[in-house]
$ cat my_file_3.cif   # mmCIF, C-alpha atoms and all ligand atoms
data_protein
loop_
_atom_site.label_atom_id
_atom_site.label_comp_id
_atom_site.auth_asym_id
_atom_site.auth_seq_id
_atom_site.Cartn_x
_atom_site.Cartn_y
_atom_site.Cartn_z
CA MET Q 9 13.85 -18.58 59.82
CA SER Q 10 10.11 -17.85 59.43
CA ARG Q 11 9.03 -14.94 57.22
CA PRO Q 12 6.82 -12.23 58.73
CA VAL Q 13 3.19 -12.69 57.68
CA VAL Q 14 2.06 -9.86 55.40
CA VAL Q 15 -1.54 -8.89 56.20
CA PRO Q 16 -3.38 -8.18 52.91
CA VAL Q 17 -4.90 -4.74 52.41
CA LEU Q 18 -7.56 -3.60 49.92
CA THR Q 19 -7.60 0.20 49.56
CA ILE Q 20 -10.75 1.95 48.30
CA ASP Q 21 -10.15 5.65 47.65
CA GLY Q 22 -12.28 8.24 45.92
CA PRO Q 23 -14.18 11.51 46.28
CA SER Q 24 -17.16 12.17 48.54
CA GLY Q 25 -20.27 10.19 47.58
CA SER Q 26 -18.47 7.83 45.20
CA GLY Q 27 -19.65 4.94 47.40
CA LYS Q 28 -16.38 4.09 49.18
CA GLY Q 29 -17.96 3.70 52.61
CA THR Q 30 -20.88 1.56 51.44
CA VAL Q 31 -18.75 -0.68 49.23
CA SER Q 32 -15.91 -1.00 51.76
CA ARG Q 33 -18.35 -2.10 54.46
CA LEU Q 34 -20.00 -4.74 52.23
CA VAL Q 35 -16.68 -6.11 50.97
CA ALA Q 36 -15.12 -6.20 54.46
CA GLU Q 37 -18.17 -8.06 55.81
CA CYS Q 38 -17.99 -10.63 53.00
CA LEU Q 39 -14.26 -11.19 53.39
CA GLY Q 40 -14.38 -11.13 57.21
CA TRP Q 41 -11.69 -8.41 57.14
CA ARG Q 42 -11.35 -5.36 59.36
CA LEU Q 43 -12.53 -1.96 58.12
CA LEU Q 44 -10.80 1.41 58.38
CA ASP Q 45 -13.02 4.45 57.72
CA SER Q 46 -10.19 6.99 57.61
CA GLY Q 47 -12.58 9.86 56.80
CA ALA Q 48 -14.17 9.35 60.22
CA LEU Q 49 -10.78 10.12 61.84
CA TYR Q 50 -10.51 13.48 60.05
CA ARG Q 51 -14.17 14.21 60.81
CA ALA Q 52 -13.55 13.38 64.49
CA VAL Q 53 -10.59 15.76 64.70
CA GLY Q 54 -12.57 18.53 62.97
CA TYR Q 55 -15.43 17.92 65.37
CA ALA Q 56 -13.18 17.91 68.46
CA ALA Q 57 -11.48 21.11 67.29
CA GLY Q 58 -14.88 22.77 66.78
CA ALA Q 59 -16.13 21.57 70.18
CA ALA Q 60 -13.02 23.10 71.78
CA GLY Q 61 -13.74 26.41 70.03
CA LEU Q 62 -10.54 26.28 67.97
CA ASP Q 63 -9.98 28.30 64.82
CA LEU Q 64 -9.59 25.55 62.17
CA SER Q 65 -6.81 27.50 60.48
CA ASP Q 66 -4.72 27.61 63.70
CA ILE Q 67 -2.20 24.93 62.67
CA ASP Q 68 -0.55 24.45 66.09
CA ALA Q 69 -3.81 24.25 68.04
CA VAL Q 70 -5.47 21.86 65.56
CA THR Q 71 -2.34 19.69 65.46
CA ARG Q 72 -2.34 19.39 69.27
CA CYS Q 73 -6.01 18.53 69.04
CA ALA Q 74 -5.29 15.76 66.47
CA GLN Q 75 -2.54 14.39 68.72
CA SER Q 76 -4.70 14.31 71.84
CA THR Q 77 -8.20 13.41 70.56
CA LYS Q 78 -9.25 9.87 71.56
CA ILE Q 79 -11.17 8.23 68.72
CA ARG Q 80 -12.81 4.82 69.17
CA PHE Q 81 -15.05 2.74 66.90
CA HIS Q 82 -17.70 0.53 68.51
CA PRO Q 83 -20.23 -1.81 66.91
CA SER Q 84 -23.73 -0.43 67.52
CA ALA Q 85 -25.91 -2.37 69.96
CA ASP Q 86 -28.77 -2.64 67.39
CA GLY Q 87 -26.65 -3.79 64.43
CA GLY Q 88 -26.83 -0.30 62.79
CA ASP Q 89 -23.97 2.08 61.91
CA THR Q 90 -20.68 1.61 63.77
CA ARG Q 91 -20.57 4.23 66.53
CA VAL Q 92 -17.68 6.71 66.61
CA LEU Q 93 -16.70 7.92 70.07
CA VAL Q 94 -14.76 11.18 70.20
CA ASN Q 95 -13.19 11.76 73.60
CA GLY Q 96 -15.80 9.37 75.04
CA HIS Q 97 -18.79 11.13 73.41
CA ASP Q 98 -20.84 9.26 70.77
CA ALA Q 99 -20.53 11.78 67.91
CA THR Q 100 -21.63 9.41 65.09
CA ASP Q 101 -24.61 11.47 63.93
CA GLU Q 102 -22.83 14.85 64.14
CA LEU Q 103 -19.88 13.45 62.15
CA ARG Q 104 -22.01 12.49 59.14
CA THR Q 105 -23.20 16.05 58.35
CA GLU Q 106 -21.88 18.05 55.39
CA THR Q 107 -20.62 20.66 57.89
CA ALA Q 108 -18.47 17.98 59.56
CA GLY Q 109 -17.25 16.86 56.12
CA ALA Q 110 -16.18 20.41 55.25
CA ALA Q 111 -14.40 20.84 58.62
CA ALA Q 112 -12.64 17.50 58.09
CA SER Q 113 -11.53 18.55 54.62
CA ALA Q 114 -10.16 21.85 56.01
CA ILE Q 115 -8.07 20.32 58.82
CA ALA Q 116 -6.97 17.43 56.54
CA SER Q 117 -4.89 19.86 54.49
CA ILE Q 118 -2.56 20.44 57.49
CA PRO Q 119 0.45 18.08 57.11
CA SER Q 120 1.06 17.76 60.89
CA VAL Q 121 -2.58 16.76 61.42
CA ARG Q 122 -2.20 14.01 58.82
CA GLN Q 123 1.03 12.89 60.46
CA ALA Q 124 -0.71 12.65 63.86
CA LEU Q 125 -3.17 10.11 62.42
CA VAL Q 126 -0.70 7.82 60.61
CA ASP Q 127 0.08 5.32 63.39
CA LEU Q 128 -3.57 5.00 64.33
CA GLN Q 129 -4.38 4.05 60.71
CA LEU Q 130 -1.47 1.62 60.37
CA GLY Q 131 -2.69 -0.08 63.57
CA PHE Q 132 -5.83 -1.27 61.77
CA ARG Q 133 -3.75 -3.64 59.64
CA LYS Q 134 -4.40 -6.93 61.43
CA ALA Q 135 -5.09 -10.48 60.25
CA PRO Q 136 -6.92 -11.74 58.34
CA GLY Q 137 -6.97 -8.51 56.28
CA LEU Q 138 -8.00 -4.88 56.04
CA VAL Q 139 -10.29 -2.86 53.79
CA ALA Q 140 -9.17 0.79 54.05
CA ASP Q 141 -11.46 3.58 52.79
CA GLY Q 142 -10.31 7.18 52.23
CA ARG Q 143 -8.42 9.56 49.95
CA ASP Q 144 -4.77 8.50 50.39
CA MET Q 145 -5.04 4.85 51.43
CA GLY Q 146 -3.41 3.51 48.27
CA THR Q 147 -0.98 6.41 47.73
CA VAL Q 148 0.36 7.20 51.24
CA ILE Q 149 -0.86 5.03 54.12
CA PHE Q 150 -0.75 1.56 52.49
CA PRO Q 151 1.34 2.01 49.32
CA ASP Q 152 2.19 -1.72 49.46
CA ALA Q 153 -1.49 -2.79 49.48
CA ALA Q 154 -2.10 -5.89 47.39
CA TYR Q 155 -5.36 -4.53 45.95
CA LYS Q 156 -6.20 -0.92 45.12
CA VAL Q 157 -9.43 0.54 43.80
CA PHE Q 158 -10.33 4.17 43.05
CA LEU Q 159 -14.07 4.86 42.82
CA THR Q 160 -15.40 7.88 40.94
CA ALA Q 161 -18.79 9.17 39.78
CA SER Q 162 -19.90 12.47 38.29
CA ALA Q 163 -20.48 15.29 40.80
CA ALA Q 164 -24.14 15.47 39.68
CA GLU Q 165 -24.64 11.76 40.45
CA ARG Q 166 -22.90 12.03 43.82
CA ALA Q 167 -25.01 15.05 44.75
CA LYS Q 168 -28.19 13.07 43.86
CA ARG Q 169 -27.07 10.18 46.10
CA ARG Q 170 -26.32 12.53 49.00
CA TYR Q 171 -29.63 14.36 48.47
CA LYS Q 172 -31.57 11.08 48.68
CA GLN Q 173 -29.60 9.98 51.75
CA LEU Q 174 -30.13 13.26 53.64
CA LYS Q 175 -33.81 13.59 52.62
CA GLU Q 176 -34.42 10.09 53.98
CA LYS Q 177 -33.01 11.36 57.28
CA GLY Q 178 -35.53 14.22 57.16
CA LEU Q 179 -32.91 16.95 56.57
CA SER Q 180 -33.68 20.08 54.61
CA VAL Q 181 -31.16 20.29 51.73
CA THR Q 182 -31.13 21.33 48.08
CA LEU Q 183 -29.61 19.38 45.21
CA SER Q 184 -27.77 22.41 43.84
CA GLY Q 185 -26.39 23.30 47.30
CA LEU Q 186 -25.11 19.75 47.82
CA GLN Q 187 -23.47 19.67 44.38
CA ARG Q 188 -21.70 22.96 45.14
CA GLU Q 189 -20.46 21.58 48.50
CA ILE Q 190 -19.27 18.35 46.88
CA GLU Q 191 -17.39 20.21 44.15
CA ALA Q 192 -15.77 22.56 46.68
CA ARG Q 193 -14.65 19.60 48.83
CA ASP Q 194 -13.31 17.70 45.77
CA ALA Q 195 -11.31 20.77 44.74
CA ARG Q 196 -9.80 21.25 48.22
CA ASP Q 197 -9.01 17.53 48.71
CA ALA Q 198 -7.44 17.18 45.26
CA SER Q 199 -5.39 20.39 45.33
CA ARG Q 200 -3.71 20.17 48.74
CA ALA Q 201 0.05 19.77 48.79
CA VAL Q 202 0.17 16.66 51.02
CA ALA Q 203 -1.61 13.37 50.23
CA PRO Q 204 -4.05 14.85 47.71
CA LEU Q 205 -7.08 12.93 46.51
CA LYS Q 206 -5.81 10.99 43.48
CA PRO Q 207 -5.66 7.40 42.30
CA ALA Q 208 -2.51 5.41 43.05
CA ASP Q 209 -0.62 4.55 39.85
CA ASP Q 210 -1.51 0.88 40.40
CA ALA Q 211 -5.18 1.40 41.35
CA VAL Q 212 -8.07 0.04 39.30
CA LEU Q 213 -10.44 2.91 38.41
CA VAL Q 214 -14.18 2.24 38.61
CA ASP Q 215 -16.62 4.93 37.41
CA THR Q 216 -19.80 4.16 39.38
CA THR Q 217 -22.02 6.72 37.59
CA GLY Q 218 -25.29 4.89 36.92
CA MET Q 219 -23.88 1.63 38.32
CA PRO Q 220 -25.87 -0.16 41.04
CA ILE Q 221 -24.05 -0.89 44.31
CA ASP Q 222 -24.03 -4.69 43.82
CA GLU Q 223 -22.29 -4.23 40.47
CA VAL Q 224 -19.63 -1.99 42.06
CA VAL Q 225 -19.08 -4.62 44.77
CA ALA Q 226 -18.71 -7.31 42.08
CA LYS Q 227 -16.07 -5.19 40.31
CA VAL Q 228 -14.13 -4.77 43.57
CA PHE Q 229 -14.26 -8.53 44.19
CA ALA Q 230 -12.94 -9.07 40.67
CA VAL Q 231 -9.91 -6.95 41.63
CA VAL Q 232 -9.32 -9.02 44.78
CA ARG Q 233 -9.69 -12.31 42.87
CA SER Q 234 -7.31 -11.14 40.15
N1 LIG W 301 -23.37 2.87 43.11
C1 LIG W 301 -24.29 3.52 43.83
N2 LIG W 301 -25.52 3.73 43.33
C2 LIG W 301 -26.46 4.39 44.05
N3 LIG W 301 -26.27 4.89 45.28
C3 LIG W 301 -25.06 4.71 45.83
C4 LIG W 301 -24.01 4.02 45.15
N4 LIG W 301 -22.93 4.00 45.95
C5 LIG W 301 -23.28 4.65 47.07
N5 LIG W 301 -24.55 5.07 47.01
C6 LIG W 301 -25.28 5.84 48.03
O1 LIG W 301 -24.67 7.13 48.06
C7 LIG W 301 -24.60 7.61 49.38
C8 LIG W 301 -23.13 7.94 49.70
O2 LIG W 301 -22.40 6.72 49.70
P1 LIG W 301 -21.13 6.52 50.64
O3 LIG W 301 -21.38 7.13 51.99
O4 LIG W 301 -20.76 5.09 50.58
O5 LIG W 301 -20.05 7.40 49.87
P2 LIG W 301 -18.58 7.81 50.31
O6 LIG W 301 -17.75 7.79 49.08
O7 LIG W 301 -18.13 6.95 51.45
O8 LIG W 301 -18.81 9.31 50.81
P3 LIG W 301 -18.01 10.15 51.92
O9 LIG W 301 -16.61 10.26 51.43
O10 LIG W 301 -18.68 11.50 51.94
O11 LIG W 301 -18.14 9.42 53.23
C9 LIG W 301 -25.20 6.53 50.28
O12 LIG W 301 -26.55 6.85 50.55
C10 LIG W 301 -25.12 5.27 49.43
O13 LIG W 301 -26.14 4.34 49.72
N1 LIG W 302 -7.80 9.37 53.96
C1 LIG W 302 -8.50 10.52 54.09
C2 LIG W 302 -9.84 10.50 54.45
C3 LIG W 302 -10.52 11.69 54.57
N2 LIG W 302 -9.87 12.84 54.36
C4 LIG W 302 -10.53 14.14 54.56
C5 LIG W 302 -10.99 14.76 53.27
C6 LIG W 302 -12.47 14.51 53.24
O1 LIG W 302 -13.16 15.54 52.55
C7 LIG W 302 -12.84 14.46 54.73
C8 LIG W 302 -14.01 13.59 55.08
O2 LIG W 302 -13.82 12.29 54.52
P1 LIG W 302 -15.07 11.30 54.21
O3 LIG W 302 -15.66 10.90 55.52
O4 LIG W 302 -16.04 12.08 53.39
O5 LIG W 302 -14.47 10.14 53.48
O6 LIG W 302 -11.68 13.98 55.38
C9 LIG W 302 -8.56 12.83 53.99
O7 LIG W 302 -7.97 13.90 53.77
N3 LIG W 302 -7.90 11.67 53.87
#

$ encode --input "my_file_3.cif" --output "C-alpha cells" --more "lines below"
Ligand SMILES: Nc1ncnc2c1ncn2[C@@H]1O[C@H](COP(=O)(O)OP(=O)(O)OP(=O)(O)O)[C@@H](O)[C@H]1O
Ligand SMILES: Nc1ccn([C@H]2C[C@H](O)[C@@H](COP(=O)(O)O)O2)c(=O)n1
Amino acid sequence: MSRPVVVPVLTIDGPSGSGKGTVSRLVAECLGWRLLDSGALYRAVGYAAGAAGLDLSDIDAVTRCAQSTKIRFHPSADGGDTRVLVNGHDATDELRTETAGAAASAIASIPSVRQALVDLQLGFRKAPGLVADGRDMGTVIFPDAAYKVFLTASAAERAKRRYKQLKEKGLSVTLSGLQREIEARDARDASRAVAPLKPADDAVLVDTTGMPIDEVVAKVFAVVRS
C-alpha cells in the first residue's frame, strides 16, 4: 500500500511589520513553493464587510460575510504585487492600508469568522510545498508543519519600516501615529481568545531588529535545511 504524500509546509508567523510577507515571498520564490498570505484573507473580509456597510462588531453579519466573500489571488500582469480580488473587484491597494489592517484585526477576533476561512487556507497546501504567512499558521492552521519560524522586531523598528514604505507611496503618515497603531494591533491580535498571535512551541524565533532582509532570509533557509 502506498503512503499518502505529505506536502511540506514552512510557517512564518509574527506581528505586523516583522517582515513575514517580504520574507515569505522571497523564500517561496526560491523554493518554488506556493505562498499563502493569510492576512490578506482577513483584510478581504474586513473590506467586504465595510463595503457592505456592516457594523464590524455584528458577529452574525460579519460571519455570513466571511462565509460568502469570494477571495482570489492573481499574479499581476506587470510582475508586481499579486492582485487580490474581493468579490471580483481588484482591492489590492485598499487592502494594504493601515485602516484595512485594523478592520482585519477586529473581525479576526470573531471565532466563527476564523472558522469560515480554515478550509480555504488548508486548500493552499499543494505540492511541492507551501510557505504560509500569518499569526496562527504554526499554532492552529498547520500545527504539523515541518518548519516553523516566528519573526519579531521592536515596535519602534516596525513603525520605521512602515513609515518608509508608506512615505514611498506618497502617503501622509507620522511615525508616532504608526507606532501607536502597530502597538494597538499587536495587543488585540495577541490578547484574543482564539488563535492569538504567539509563537508555536516548536517555532524558531528570529528577532529581525536591525537585521537586513537577506540575513533574515538566510536564517529562514537555515531552518528549512536543518
Ligand atoms: N529585516 C528588514 N529590514 C528592513 N526592512 C524590512 C525588513 N523586513 C521587512 N522590511 C520592510 O518592512 C515593511 C513591512 O514588511 P512586510 O510587509 O514584509 O511585513 P509583515 O510582517 O508582512 O507586515 P503585515 O503583517 O502588516 O503585512 C516593508 O516595506 C519591508 O520591505
Ligand atoms: N493568520 C492570520 C493572519 C492575519 N490575521 C489578522 C490579524 C492582523 O492584524 C490582520 C492583518 O494581517 P496582516 O496582513 O497584517 O498579516 O489580520 C489573523 O488574525 N490571523

$ closest_atom_pairs --input "my_file_3.cif" --of "chain Q" --to "ligand LIG 301 (chain W)" --cutoff "7 Å" --atoms "all atoms listed in the file" --output "CSV"
residue,atom,partner,partner_atom,distance
Q:Gly22,CA,W:LIG301,O6,6.3
Q:Pro23,CA,W:LIG301,O9,5.8
Q:Ser24,CA,W:LIG301,O9,3.5
Q:Gly25,CA,W:LIG301,O5,3.6
Q:Ser26,CA,W:LIG301,O6,3.9
Q:Gly27,CA,W:LIG301,O4,3.4
Q:Lys28,CA,W:LIG301,O6,3.9
Q:Gly29,CA,W:LIG301,O7,3.5
Q:Thr30,CA,W:LIG301,O4,3.6
Q:Val31,CA,W:LIG301,O4,6.3
Q:Gly47,CA,W:LIG301,O11,6.6
Q:Gly109,CA,W:LIG301,O10,6.9
Q:Arg166,CA,W:LIG301,O1,6.7
Q:Arg169,CA,W:LIG301,O1,4.3
Q:Arg170,CA,W:LIG301,C7,5.2
Q:Lys172,CA,W:LIG301,O12,6.8
Q:Gln173,CA,W:LIG301,O12,4.5
Q:Thr216,CA,W:LIG301,N1,5.3
Q:Thr217,CA,W:LIG301,N1,6.9
Q:Gly218,CA,W:LIG301,N2,6.5
Q:Met219,CA,W:LIG301,N1,5.0
Q:Pro220,CA,W:LIG301,N1,4.4
Q:Ile221,CA,W:LIG301,N1,4.0
Q:Val224,CA,W:LIG301,N1,6.2

$ residues_near_point --input "my_file_3.cif" --point "(-15.3, -1.6, 64.8)" --cutoff "10 Å" --atoms "only C-alpha atoms" --output "list of chain:residue names"
Q:Arg42, Q:Leu43, Q:Leu44, Q:Asp45, Q:Arg80, Q:Phe81, Q:His82, Q:Pro83, Q:Ser84, Q:Asp89, Q:Thr90, Q:Arg91, Q:Val92, Q:Phe132

$ residues_near_ligand --input "my_file_3.cif" --ligand "ligand LIG 302 (chain W)" --cutoff "9 Å" --atoms "only C-alpha atoms and all ligand atoms" --output "NGL selection string"
:Q and (21-25 or 28-29 or 45-51 or 54 or 103-104 or 106 or 108-117 or 122 or 140-145 or 148-149 or 190 or 193-194 or 196-197 or 203-205)

$ closest_residue --input "my_file_3.cif" --among "Q:Pro151, Q:Tyr55, Q:Ala124, Q:Glu191" --to "Q:Ser76" --atoms "only C-alpha atoms"
Q:Ala124

$ closest_residue --input "my_file_3.cif" --among "Q:Thr100, Q:Tyr171, Q:Val214, Q:Val157" --to "Q:Ser32" --atoms "only C-alpha atoms"
Q:Val157

$ closest_residue --input "my_file_3.cif" --among "Q:Leu130, Q:Ala198, Q:Ala59, Q:Asp209" --to "Q:Phe150" --atoms "all atoms listed in the file"
Q:Leu130

$ residues_near_point --input "my_file_3.cif" --point "(-15.2, -6.4, 42.3)" --cutoff "12 Å" --atoms "only C-alpha atoms" --output "PyMOL selection string"
chain Q and resi 18+20+31-32+34-35+38+155-159+212-214+216+221-234

$ closest_residue --input "my_file_3.cif" --among "Q:Leu138, Q:Val121, Q:Ile79, Q:Ala85" --to "Q:Ser65" --atoms "only C-alpha atoms"
Q:Val121

$ closest_residue --input "my_file_3.cif" --among "Q:Gly61, Q:Gly96, Q:Gly87, Q:Gly137" --to "Q:Ala36" --atoms "all atoms listed in the file"
Q:Gly137

$ closest_residue --input "my_file_3.cif" --among "Q:Asp127, Q:Ala57, Q:Ser162, Q:Arg133" --to "Q:Ala74" --atoms "all atoms listed in the file"
Q:Ala57

$ decode --input "my_file_3.cif" --residues "stretch 69-81 of chain Q" --atoms "all heavy atoms" --output "PDB file, in the first residue's frame"
ATOM      1  N   ALA Q  69     -23.589  38.984  11.158  1.00  0.00           N
ATOM      2  CA  ALA Q  69     -23.483  39.575   9.811  1.00  0.00           C
ATOM      3  C   ALA Q  69     -22.063  39.408   9.258  1.00  0.00           C
ATOM      4  O   ALA Q  69     -21.877  39.043   8.087  1.00  0.00           O
ATOM      5  CB  ALA Q  69     -23.867  41.047   9.863  1.00  0.00           C
ATOM      6  N   VAL Q  70     -21.053  39.635  10.107  1.00  0.00           N
ATOM      7  CA  VAL Q  70     -19.669  39.535   9.612  1.00  0.00           C
ATOM      8  C   VAL Q  70     -19.325  38.067   9.317  1.00  0.00           C
ATOM      9  O   VAL Q  70     -18.604  37.763   8.364  1.00  0.00           O
ATOM     10  CB  VAL Q  70     -18.673  40.179  10.617  1.00  0.00           C
ATOM     11  CG1 VAL Q  70     -17.241  40.017  10.122  1.00  0.00           C
ATOM     12  CG2 VAL Q  70     -18.983  41.657  10.794  1.00  0.00           C
ATOM     13  N   THR Q  71     -19.883  37.145  10.101  1.00  0.00           N
ATOM     14  CA  THR Q  71     -19.634  35.727   9.830  1.00  0.00           C
ATOM     15  C   THR Q  71     -20.237  35.329   8.481  1.00  0.00           C
ATOM     16  O   THR Q  71     -19.579  34.651   7.671  1.00  0.00           O
ATOM     17  CB  THR Q  71     -20.242  34.848  10.950  1.00  0.00           C
ATOM     18  OG1 THR Q  71     -19.652  35.235  12.177  1.00  0.00           O
ATOM     19  CG2 THR Q  71     -20.004  33.370  10.695  1.00  0.00           C
ATOM     20  N   ARG Q  72     -21.468  35.776   8.219  1.00  0.00           N
ATOM     21  CA  ARG Q  72     -22.078  35.468   6.906  1.00  0.00           C
ATOM     22  C   ARG Q  72     -21.235  36.072   5.788  1.00  0.00           C
ATOM     23  O   ARG Q  72     -21.038  35.465   4.745  1.00  0.00           O
ATOM     24  CB  ARG Q  72     -23.516  36.014   6.847  1.00  0.00           C
ATOM     25  CG  ARG Q  72     -24.528  35.112   7.562  1.00  0.00           C
ATOM     26  CD  ARG Q  72     -25.962  35.487   7.173  1.00  0.00           C
ATOM     27  NE  ARG Q  72     -26.299  36.849   7.560  1.00  0.00           N
ATOM     28  CZ  ARG Q  72     -26.707  37.230   8.782  1.00  0.00           C
ATOM     29  NH1 ARG Q  72     -26.864  36.321   9.725  1.00  0.00           N
ATOM     30  NH2 ARG Q  72     -26.993  38.490   9.050  1.00  0.00           N
ATOM     31  N   CYS Q  73     -20.708  37.237   6.046  1.00  0.00           N
ATOM     32  CA  CYS Q  73     -19.860  37.903   5.050  1.00  0.00           C
ATOM     33  C   CYS Q  73     -18.594  37.058   4.799  1.00  0.00           C
ATOM     34  O   CYS Q  73     -18.196  36.841   3.642  1.00  0.00           O
ATOM     35  CB  CYS Q  73     -19.509  39.303   5.556  1.00  0.00           C
ATOM     36  SG  CYS Q  73     -18.428  40.218   4.488  1.00  0.00           S
ATOM     37  N   ALA Q  74     -17.978  36.557   5.872  1.00  0.00           N
ATOM     38  CA  ALA Q  74     -16.769  35.721   5.717  1.00  0.00           C
ATOM     39  C   ALA Q  74     -17.093  34.447   4.940  1.00  0.00           C
ATOM     40  O   ALA Q  74     -16.291  33.968   4.136  1.00  0.00           O
ATOM     41  CB  ALA Q  74     -16.205  35.371   7.094  1.00  0.00           C
ATOM     42  N   GLN Q  75     -18.292  33.905   5.190  1.00  0.00           N
ATOM     43  CA  GLN Q  75     -18.663  32.656   4.510  1.00  0.00           C
ATOM     44  C   GLN Q  75     -18.952  32.869   3.025  1.00  0.00           C
ATOM     45  O   GLN Q  75     -18.780  31.963   2.215  1.00  0.00           O
ATOM     46  CB  GLN Q  75     -19.907  32.050   5.189  1.00  0.00           C
ATOM     47  CG  GLN Q  75     -19.605  31.492   6.571  1.00  0.00           C
ATOM     48  CD  GLN Q  75     -20.857  31.283   7.416  1.00  0.00           C
ATOM     49  OE1 GLN Q  75     -21.919  31.849   7.145  1.00  0.00           O
ATOM     50  NE2 GLN Q  75     -20.729  30.478   8.470  1.00  0.00           N
ATOM     51  N   SER Q  76     -19.397  34.070   2.668  1.00  0.00           N
ATOM     52  CA  SER Q  76     -19.846  34.275   1.282  1.00  0.00           C
ATOM     53  C   SER Q  76     -18.865  35.072   0.418  1.00  0.00           C
ATOM     54  O   SER Q  76     -18.985  35.081  -0.806  1.00  0.00           O
ATOM     55  CB  SER Q  76     -21.210  34.976   1.280  1.00  0.00           C
ATOM     56  OG  SER Q  76     -21.069  36.245   1.881  1.00  0.00           O
ATOM     57  N   THR Q  77     -17.879  35.724   1.046  1.00  0.00           N
ATOM     58  CA  THR Q  77     -16.963  36.564   0.241  1.00  0.00           C
ATOM     59  C   THR Q  77     -16.058  35.689  -0.629  1.00  0.00           C
ATOM     60  O   THR Q  77     -15.467  34.721  -0.150  1.00  0.00           O
ATOM     61  CB  THR Q  77     -16.098  37.443   1.177  1.00  0.00           C
ATOM     62  OG1 THR Q  77     -16.966  38.275   1.937  1.00  0.00           O
ATOM     63  CG2 THR Q  77     -15.132  38.314   0.387  1.00  0.00           C
ATOM     64  N   LYS Q  78     -15.987  36.033  -1.912  1.00  0.00           N
ATOM     65  CA  LYS Q  78     -15.119  35.277  -2.842  1.00  0.00           C
ATOM     66  C   LYS Q  78     -13.772  35.999  -2.909  1.00  0.00           C
ATOM     67  O   LYS Q  78     -13.702  37.163  -3.295  1.00  0.00           O
ATOM     68  CB  LYS Q  78     -15.721  35.259  -4.252  1.00  0.00           C
ATOM     69  CG  LYS Q  78     -17.124  34.654  -4.314  1.00  0.00           C
ATOM     70  CD  LYS Q  78     -17.045  33.165  -4.628  1.00  0.00           C
ATOM     71  CE  LYS Q  78     -18.412  32.498  -4.613  1.00  0.00           C
ATOM     72  NZ  LYS Q  78     -19.072  32.457  -3.294  1.00  0.00           N
ATOM     73  N   ILE Q  79     -12.724  35.282  -2.496  1.00  0.00           N
ATOM     74  CA  ILE Q  79     -11.382  35.891  -2.489  1.00  0.00           C
ATOM     75  C   ILE Q  79     -10.496  35.107  -3.453  1.00  0.00           C
ATOM     76  O   ILE Q  79     -10.408  33.876  -3.361  1.00  0.00           O
ATOM     77  CB  ILE Q  79     -10.768  35.842  -1.077  1.00  0.00           C
ATOM     78  CG1 ILE Q  79     -11.749  36.431  -0.046  1.00  0.00           C
ATOM     79  CG2 ILE Q  79      -9.436  36.583  -1.037  1.00  0.00           C
ATOM     80  CD1 ILE Q  79     -11.415  36.096   1.400  1.00  0.00           C
ATOM     81  N   ARG Q  80      -9.873  35.817  -4.371  1.00  0.00           N
ATOM     82  CA  ARG Q  80      -8.986  35.164  -5.354  1.00  0.00           C
ATOM     83  C   ARG Q  80      -7.662  35.903  -5.417  1.00  0.00           C
ATOM     84  O   ARG Q  80      -7.624  37.131  -5.331  1.00  0.00           O
ATOM     85  CB  ARG Q  80      -9.600  35.199  -6.758  1.00  0.00           C
ATOM     86  CG  ARG Q  80     -10.941  34.506  -6.886  1.00  0.00           C
ATOM     87  CD  ARG Q  80     -10.767  33.005  -7.181  1.00  0.00           C
ATOM     88  NE  ARG Q  80     -12.064  32.337  -7.188  1.00  0.00           N
ATOM     89  CZ  ARG Q  80     -12.666  31.801  -6.130  1.00  0.00           C
ATOM     90  NH1 ARG Q  80     -12.081  31.837  -4.941  1.00  0.00           N
ATOM     91  NH2 ARG Q  80     -13.839  31.231  -6.215  1.00  0.00           N
ATOM     92  N   PHE Q  81      -6.575  35.148  -5.587  1.00  0.00           N
ATOM     93  CA  PHE Q  81      -5.246  35.758  -5.784  1.00  0.00           C
ATOM     94  C   PHE Q  81      -4.858  35.556  -7.245  1.00  0.00           C
ATOM     95  O   PHE Q  81      -5.015  34.458  -7.778  1.00  0.00           O
ATOM     96  CB  PHE Q  81      -4.207  35.074  -4.887  1.00  0.00           C
ATOM     97  CG  PHE Q  81      -4.450  35.285  -3.416  1.00  0.00           C
ATOM     98  CD1 PHE Q  81      -5.176  34.364  -2.661  1.00  0.00           C
ATOM     99  CD2 PHE Q  81      -3.956  36.407  -2.771  1.00  0.00           C
ATOM    100  CE1 PHE Q  81      -5.405  34.549  -1.308  1.00  0.00           C
ATOM    101  CE2 PHE Q  81      -4.174  36.604  -1.405  1.00  0.00           C
ATOM    102  CZ  PHE Q  81      -4.897  35.681  -0.678  1.00  0.00           C
TER     103      PHE Q  81
END
